[in-house]
file coords.cif (mmCIF, C-alpha atoms and all ligand atoms)
data_upload
#
loop_
_atom_site.label_atom_id
_atom_site.label_comp_id
_atom_site.auth_asym_id
_atom_site.auth_seq_id
_atom_site.Cartn_x
_atom_site.Cartn_y
_atom_site.Cartn_z
CA MET A 16 -1.83 117.97 -14.75
CA THR A 17 0.30 120.45 -12.79
CA ARG A 18 2.55 119.18 -10.02
CA ALA A 19 0.19 120.62 -7.38
CA GLN A 20 -2.83 118.94 -9.00
CA SER A 21 -0.94 115.70 -9.21
CA PHE A 22 0.00 115.99 -5.51
CA PHE A 23 -3.62 116.43 -4.42
CA HIS A 24 -4.70 113.64 -6.76
CA ARG A 25 -2.24 111.27 -5.08
CA ARG A 26 -3.22 112.49 -1.63
CA ALA A 27 -6.90 111.90 -2.38
CA PHE A 28 -6.02 108.41 -3.63
CA LEU A 29 -4.20 107.62 -0.41
CA ASP A 30 -7.05 108.93 1.69
CA VAL A 31 -9.45 106.62 -0.14
CA ALA A 32 -6.99 103.73 -0.01
CA LEU A 33 -6.64 104.15 3.74
CA GLY A 34 -10.39 104.15 4.20
CA GLY A 35 -10.74 107.80 5.10
CA LEU A 36 -7.78 107.95 7.47
CA ALA A 37 -7.65 111.29 9.30
CA LEU A 38 -5.92 113.83 7.09
CA GLY A 39 -3.64 114.79 9.98
CA ALA A 40 -1.96 111.42 9.61
CA ILE A 41 -0.78 112.31 6.11
CA ALA A 42 -0.28 116.02 6.71
CA PRO A 43 3.52 115.74 6.42
CA PHE A 44 2.98 115.22 2.67
CA SER A 45 2.39 118.92 2.35
CA SER A 46 4.92 120.16 4.89
CA GLY A 47 8.08 118.25 4.05
CA VAL A 48 9.07 118.64 7.71
CA HIS A 49 11.69 116.48 9.35
CA ALA A 50 11.79 114.47 12.53
CA GLN A 51 12.22 117.40 14.88
CA THR A 52 8.90 118.94 13.92
CA GLY A 53 6.88 116.36 11.96
CA ALA A 54 4.35 113.76 13.06
CA GLY A 55 7.27 111.36 13.29
CA ALA A 56 8.88 113.66 15.87
CA LYS A 57 9.38 111.28 18.78
CA VAL A 58 9.46 108.05 16.82
CA LYS A 59 12.59 106.07 17.59
CA ILE A 60 13.86 103.85 14.81
CA ALA A 61 15.55 100.48 15.26
CA THR A 62 16.98 98.28 12.56
CA ILE A 63 17.26 94.51 12.69
CA GLY A 64 19.98 94.04 10.14
CA ALA A 65 22.55 96.76 9.60
CA GLY A 66 24.18 95.48 6.45
CA ARG A 67 24.00 97.25 3.08
CA GLU A 68 20.29 98.10 3.06
CA GLY A 69 19.65 98.37 6.82
CA GLY A 70 22.76 100.51 7.22
CA ALA A 71 21.79 102.85 4.37
CA LEU A 72 18.16 103.22 5.45
CA GLY A 73 18.97 103.68 9.14
CA SER A 74 21.59 106.29 8.20
CA LEU A 75 18.98 108.25 6.26
CA PHE A 76 16.71 108.35 9.29
CA ALA A 77 19.58 109.34 11.60
CA LYS A 78 20.61 112.14 9.25
CA HIS A 79 17.01 113.38 9.18
CA GLY A 80 16.95 113.81 12.94
CA TYR A 81 15.58 110.48 14.12
CA SER A 82 17.18 108.56 16.98
CA VAL A 83 18.32 105.31 15.43
CA MET A 84 19.67 102.10 16.91
CA PHE A 85 21.31 99.76 14.42
CA SER A 86 21.56 96.18 15.56
CA SER A 87 23.69 93.19 14.87
CA ARG A 88 24.42 89.90 16.54
CA ASN A 89 27.88 91.49 16.90
CA PRO A 90 27.17 95.17 17.55
CA ASP A 91 30.88 95.96 18.03
CA GLN A 92 31.19 95.57 14.26
CA LEU A 93 28.92 98.58 13.69
CA LYS A 94 31.30 101.29 14.95
CA ASP A 95 32.11 102.63 11.48
CA LEU A 96 28.46 102.67 10.46
CA VAL A 97 27.45 104.51 13.63
CA ALA A 98 30.23 107.06 13.12
CA SER A 99 29.18 107.73 9.54
CA ALA A 100 25.48 107.98 10.42
CA GLY A 101 26.22 110.77 12.90
CA PRO A 102 25.27 111.72 16.45
CA ASN A 103 21.68 110.41 16.32
CA ALA A 104 22.85 106.84 15.71
CA LYS A 105 24.00 104.12 18.05
CA ALA A 106 24.40 100.35 17.94
CA GLY A 107 23.06 97.55 20.08
CA SER A 108 22.15 93.90 20.17
CA VAL A 109 18.99 92.78 18.40
CA ALA A 110 17.21 92.55 21.77
CA GLU A 111 18.28 96.10 22.65
CA ALA A 112 17.07 97.39 19.30
CA VAL A 113 13.69 95.72 19.71
CA GLY A 114 13.40 97.36 23.12
CA PHE A 115 14.49 100.76 21.76
CA GLY A 116 12.47 101.33 18.60
CA ASP A 117 8.92 102.52 18.21
CA ALA A 118 9.30 101.56 14.57
CA VAL A 119 11.54 98.64 13.60
CA LEU A 120 13.03 98.10 10.16
CA LEU A 121 13.46 94.40 9.36
CA VAL A 122 16.33 94.21 6.89
CA VAL A 123 17.73 90.69 6.96
CA PRO A 124 18.09 87.74 4.59
CA TYR A 125 14.66 86.11 4.47
CA THR A 126 16.05 82.90 5.99
CA ALA A 127 16.55 84.81 9.26
CA VAL A 128 12.94 85.98 9.59
CA GLU A 129 11.56 82.81 11.18
CA GLN A 130 14.12 82.76 13.99
CA ILE A 131 13.71 86.50 14.59
CA GLY A 132 9.98 85.86 14.93
CA LYS A 133 10.60 83.13 17.49
CA ASP A 134 13.12 85.13 19.49
CA TYR A 135 11.66 88.66 19.32
CA GLY A 136 8.09 88.29 18.03
CA LYS A 137 6.47 89.26 21.33
CA GLY A 138 8.47 92.49 21.59
CA LEU A 139 7.98 93.28 17.90
CA ALA A 140 4.21 92.92 18.25
CA GLU A 141 4.28 95.83 20.73
CA LYS A 142 5.88 98.20 18.22
CA ARG A 143 3.86 100.74 16.27
CA LEU A 144 5.39 99.60 12.99
CA LEU A 145 7.45 96.72 11.66
CA LEU A 146 8.67 97.82 8.24
CA ASP A 147 9.64 94.68 6.34
CA VAL A 148 12.32 95.45 3.78
CA SER A 149 13.43 91.80 3.52
CA ASN A 150 12.92 89.71 0.39
CA PRO A 151 12.92 86.00 -0.33
CA ILE A 152 15.51 85.62 -3.09
CA ALA A 153 16.13 82.12 -4.46
CA ARG A 154 19.81 82.57 -5.33
CA ARG A 155 20.56 83.75 -1.79
CA ASP A 156 17.90 82.12 0.38
CA GLY A 157 17.25 78.90 -1.57
CA ASP A 158 14.25 77.53 -3.46
CA GLU A 159 12.65 75.91 -0.44
CA ILE A 160 11.90 79.13 1.40
CA VAL A 161 10.93 80.95 -1.79
CA ASN A 162 8.41 78.20 -2.59
CA TRP A 163 7.09 78.29 0.98
CA VAL A 164 6.63 82.06 0.78
CA GLU A 165 4.68 81.66 -2.47
CA GLN A 166 2.42 79.08 -0.82
CA GLN A 167 1.60 81.61 1.92
CA GLY A 168 0.49 84.16 -0.71
CA GLY A 169 3.75 86.09 -1.00
CA ALA A 170 6.24 87.93 1.15
CA GLY A 171 3.77 90.16 3.02
CA LEU A 172 1.50 87.37 4.25
CA ALA A 173 4.49 85.09 4.84
CA THR A 174 6.23 87.57 7.14
CA ALA A 175 2.94 88.08 8.99
CA LYS A 176 2.85 84.33 9.58
CA LEU A 177 6.48 84.16 10.74
CA ILE A 178 6.16 87.19 13.07
CA PRO A 179 2.47 87.19 13.98
CA GLY A 180 0.64 90.05 15.64
CA THR A 181 2.94 92.79 14.39
CA HIS A 182 1.89 96.08 12.77
CA LEU A 183 3.47 95.11 9.50
CA VAL A 184 4.07 97.14 6.37
CA ARG A 185 6.34 96.21 3.47
CA GLY A 186 8.42 98.89 1.84
CA PHE A 187 11.75 99.86 0.24
CA ASN A 188 12.04 96.24 -0.97
CA ALA A 189 13.41 97.05 -4.41
CA ILE A 190 15.33 100.26 -3.79
CA GLY A 191 19.01 99.45 -3.78
CA SER A 192 21.17 100.45 -0.85
CA GLY A 193 23.59 102.36 -3.07
CA PHE A 194 20.77 104.45 -4.48
CA LEU A 195 18.94 105.46 -1.28
CA ALA A 196 21.00 108.47 -0.21
CA LYS A 197 21.07 109.89 -3.76
CA ALA A 198 17.33 109.42 -4.24
CA ALA A 199 16.22 110.92 -0.90
CA HIS A 200 14.90 114.49 -1.34
CA ARG A 201 16.07 114.44 -4.95
CA ALA A 202 15.29 117.44 -7.11
CA GLY A 203 12.02 117.36 -9.06
CA GLU A 204 9.51 114.58 -8.49
CA PRO A 205 10.27 112.53 -5.38
CA LEU A 206 11.04 108.85 -5.88
CA GLY A 207 7.99 106.65 -5.22
CA VAL A 208 8.28 103.91 -2.61
CA PRO A 209 5.62 101.23 -3.04
CA ILE A 210 4.27 100.05 0.32
CA ALA A 211 1.74 97.38 1.29
CA GLY A 212 0.01 96.85 4.60
CA ASP A 213 -3.29 96.00 6.28
CA ASP A 214 -2.89 98.01 9.49
CA ARG A 215 -4.09 101.57 8.98
CA ASP A 216 -2.12 103.13 11.83
CA ALA A 217 1.06 101.35 10.81
CA VAL A 218 0.57 102.38 7.17
CA ALA A 219 -0.01 105.98 8.28
CA LEU A 220 3.20 105.95 10.33
CA ALA A 221 5.12 104.39 7.43
CA ILE A 222 3.82 107.17 5.18
CA THR A 223 4.98 109.82 7.64
CA LEU A 224 8.43 108.31 8.04
CA ILE A 225 9.02 107.65 4.34
CA THR A 226 7.87 111.14 3.42
CA ASP A 227 10.09 112.68 6.08
CA ILE A 228 13.24 111.14 4.65
CA GLY A 229 12.44 112.43 1.18
CA PHE A 230 10.46 109.85 -0.78
CA GLU A 231 6.87 109.52 -1.92
CA PRO A 232 5.12 106.51 -0.40
CA VAL A 233 2.70 104.81 -2.77
CA LEU A 234 0.24 102.50 -1.04
CA VAL A 235 -0.39 99.64 -3.45
CA GLY A 236 -2.79 97.73 -1.22
CA GLY A 237 -2.90 95.28 1.67
CA LEU A 238 -0.19 92.85 2.76
CA ALA A 239 -1.28 90.39 0.07
CA LYS A 240 0.08 92.87 -2.44
CA GLY A 241 3.45 92.68 -0.69
CA LYS A 242 4.44 89.93 -3.11
CA TYR A 243 4.55 92.46 -5.92
CA LEU A 244 7.21 94.56 -4.18
CA VAL A 245 9.91 91.88 -4.38
CA PRO A 246 12.61 92.66 -6.97
CA GLY A 247 11.80 91.07 -10.31
CA THR A 248 8.02 91.38 -9.87
CA PRO A 249 5.93 94.10 -11.60
CA LEU A 250 6.15 96.78 -8.89
CA GLY A 251 9.57 95.66 -7.66
CA GLY A 252 11.07 96.29 -11.08
N1 LIG B 301 21.02 95.41 -0.55
C1 LIG B 301 20.01 96.04 -1.16
O1 LIG B 301 20.23 96.92 -2.02
C2 LIG B 301 18.57 95.70 -0.78
C3 LIG B 301 17.52 96.51 -1.30
C4 LIG B 301 16.21 96.23 -0.90
C5 LIG B 301 15.95 95.15 -0.05
N2 LIG B 301 16.99 94.39 0.41
C6 LIG B 301 16.68 93.25 1.30
O2 LIG B 301 17.18 93.58 2.58
C7 LIG B 301 17.62 92.39 3.24
C8 LIG B 301 19.07 92.59 3.69
O3 LIG B 301 19.86 92.77 2.53
P1 LIG B 301 21.34 93.39 2.64
O4 LIG B 301 21.82 93.50 1.26
O5 LIG B 301 21.33 94.57 3.54
O6 LIG B 301 22.11 92.17 3.37
P2 LIG B 301 23.49 92.22 4.15
O7 LIG B 301 24.32 93.37 3.73
O8 LIG B 301 24.06 90.85 4.01
O9 LIG B 301 23.05 92.43 5.67
C9 LIG B 301 22.28 91.47 6.32
C10 LIG B 301 22.06 91.88 7.75
O10 LIG B 301 21.16 90.93 8.34
C11 LIG B 301 21.63 90.63 9.62
N3 LIG B 301 21.23 89.27 9.99
C12 LIG B 301 21.43 88.13 9.29
N4 LIG B 301 20.90 87.08 9.97
C13 LIG B 301 20.38 87.58 11.12
C14 LIG B 301 19.72 87.01 12.22
N5 LIG B 301 19.47 85.69 12.29
N6 LIG B 301 19.32 87.81 13.24
C15 LIG B 301 19.56 89.14 13.18
N7 LIG B 301 20.19 89.77 12.15
C16 LIG B 301 20.60 88.97 11.14
C17 LIG B 301 23.13 90.74 9.55
O11 LIG B 301 23.54 91.08 10.86
P3 LIG B 301 24.76 90.40 11.64
O12 LIG B 301 25.74 91.51 11.83
O13 LIG B 301 24.15 89.94 12.91
O14 LIG B 301 25.30 89.27 10.76
C18 LIG B 301 23.32 91.91 8.58
O15 LIG B 301 23.37 93.12 9.26
C19 LIG B 301 17.46 91.26 2.24
O16 LIG B 301 16.28 90.54 2.50
C20 LIG B 301 17.39 91.97 0.90
O17 LIG B 301 16.67 91.24 -0.08
C21 LIG B 301 18.28 94.63 0.07
#

call {"tool": "encode", "arguments": {"input": "coords.cif", "output": "structure tokens", "more": "lines below"}}
Ligand SMILES: NC(=O)c1ccc[n+]([C@@H]2O[C@H](COP(=O)([O-])OP(=O)(O)OC[C@H]3O[C@@H](n4cnc5c(N)ncnc54)[C@H](OP(=O)(O)O)[C@@H]3O)[C@@H](O)[C@H]2O)c1
result
Amino acid sequence: MTRAQSFFHRRAFLDVALGGLALGAIAPFSSGVHAQTGAGAKVKIATIGAGREGGALGSLFAKHGYSVMFSSRNPDQLKDLVASAGPNAKAGSVAEAVGFGDAVLLVVPYTAVEQIGKDYGKGLAEKRLLLDVSNPIARRDGDEIVNWVEQQGGAGLATAKLIPGTHLVRGFNAIGSGFLAKAAHRAGEPLGVPIAGDDRDAVALAITLITDIGFEPVLVGGLAKGKYLVPGTPLGG
């Protein structure tokens, strides 16, 4: 199969997987355009969590022309990150970031998700997309929460329970922070980013954003499949 045939094959798969979603929603696949001109043009990005992964992902969006607000419980500590991410980036409190973003990247230790849901769930439910990059990891988060997540059916369904009513998609869960900048828009085949979500509009926006920053989103199924994106599981690697 040539690269072009393979591209249309994947695009057809996504169209079927999204239940016949309007082709316009995945048009950026063929254009490779960036934030200034693409369907993601006016989408503002906020991150909850601006550590290794949140900092690296938010920086990619900022460098691709998106307005980005990184957040921390101590936003003064983000000056170096903001400077390195360039003029499209700024820092704020978590509340300010939730107010700012159309799409919010949730990039925190899984133990923080419940409290974030309690404190900001209402605001997050109004966002077009909550991209959940966070993972329950036993050595960091403890067995109790990992077992609880399993009982809910895995990380996708668990996050939906902890932050209900959001337009949730999981993605980037097993792509290391140190690898992101190198992998974005790499030469040859783009790096695939498995994503899982039930909300068609949110999935379509995630596809646009992920494509814009130089990866190939691969929709693996609904949120229930989110459990397979955690590192150490089949799709997480
Ligand atoms: N590192 C990777 O390569 C990688 C790759 C894929 C997925 N992930 C996942 O991404 C998540 C973050 O990993 P990381 O390596 O980036 O961790 P990290 O460097 O330790 O950063 C964690 C971030 O979470 C924030 N945070 C912690 N508790 C919070 C709370 N209660 N409310 C708001 N913000 C809070 C911290 O902000 P403060 O400044 O407020 O403390 C910090 O910015 C994890 O779930 C991890 O499994 C990581």

call {"tool": "residues_near_ligand", "arguments": {"input": "coords.cif", "ligand": "ligand LIG 301 (chain B)", "cutoff": "6 Å", "atoms": "all atoms listed in the file", "output": "NGL selection string"}}
result
:A and (63-69 or 87-89 or 122-125 or 127 or 131 or 148-150 or 187-192)

call {"tool": "atom_distance", "arguments": {"input": "coords.cif", "atom1": "atom CA of A:Gly70", "atom2": "atom CA of A:Glu159"}}
result
27.7 Å

call {"tool": "residues_around", "arguments": {"input": "coords.cif", "residues": "A:Gly180", "least_positions_apart": "3", "cutoff": "12 Å", "atoms": "all atoms listed in the file", "output": "MDAnalysis selection string"}}
result
chainID A and resid 132 135:145 172 174:177 183 213:214

call {"tool": "atom_distance", "arguments": {"input": "coords.cif", "atom1": "atom CA of A:Gly114", "atom2": "atom CA of A:Phe85"}}
result
12.0 Å

call {"tool": "closest_atom_pairs", "arguments": {"input": "coords.cif", "of": "stretch 62-145 of chain A", "to": "stretch 229-238 of chain A", "cutoff": "12 Å", "atoms": "all atoms listed in the file", "output": "JSON lines"}}
result
{"residue": "A:Leu72", "atom": "CA", "partner": "A:Gly229", "partner_atom": "CA", "distance": 11.7}
{"residue": "A:Leu75", "atom": "CA", "partner": "A:Gly229", "partner_atom": "CA", "distance": 9.3}
{"residue": "A:Phe76", "atom": "CA", "partner": "A:Gly229", "partner_atom": "CA", "distance": 10.0}
{"residue": "A:Lys78", "atom": "CA", "partner": "A:Gly229", "partner_atom": "CA", "distance": 11.5}
{"residue": "A:His79", "atom": "CA", "partner": "A:Gly229", "partner_atom": "CA", "distance": 9.3}

call {"tool": "closest_residue", "arguments": {"input": "coords.cif", "among": "A:Gly241, A:Gly186, A:Gly203, A:Gly107", "to": "A:Ile225", "atoms": "all atoms listed in the file"}}
result
A:Gly186

call {"tool": "residues_near_point", "arguments": {"input": "coords.cif", "point": "(21.8, 106.7, 13.9)", "cutoff": "7 Å", "atoms": "only C-alpha atoms", "output": "PyMOL selection string"}}
result
chain A and resi 73-74+77+82-85+97+100-105

call {"tool": "atom_distance", "arguments": {"input": "coords.cif", "atom1": "atom CA of A:Lys94", "atom2": "atom CA of A:Thr126"}}
result
25.5 Å

call {"tool": "closest_residue", "arguments": {"input": "coords.cif", "among": "A:Gly116, A:Pro179, A:Pro246, A:Gly169", "to": "A:Glu129", "atoms": "only C-alpha atoms"}}
result
A:Pro179
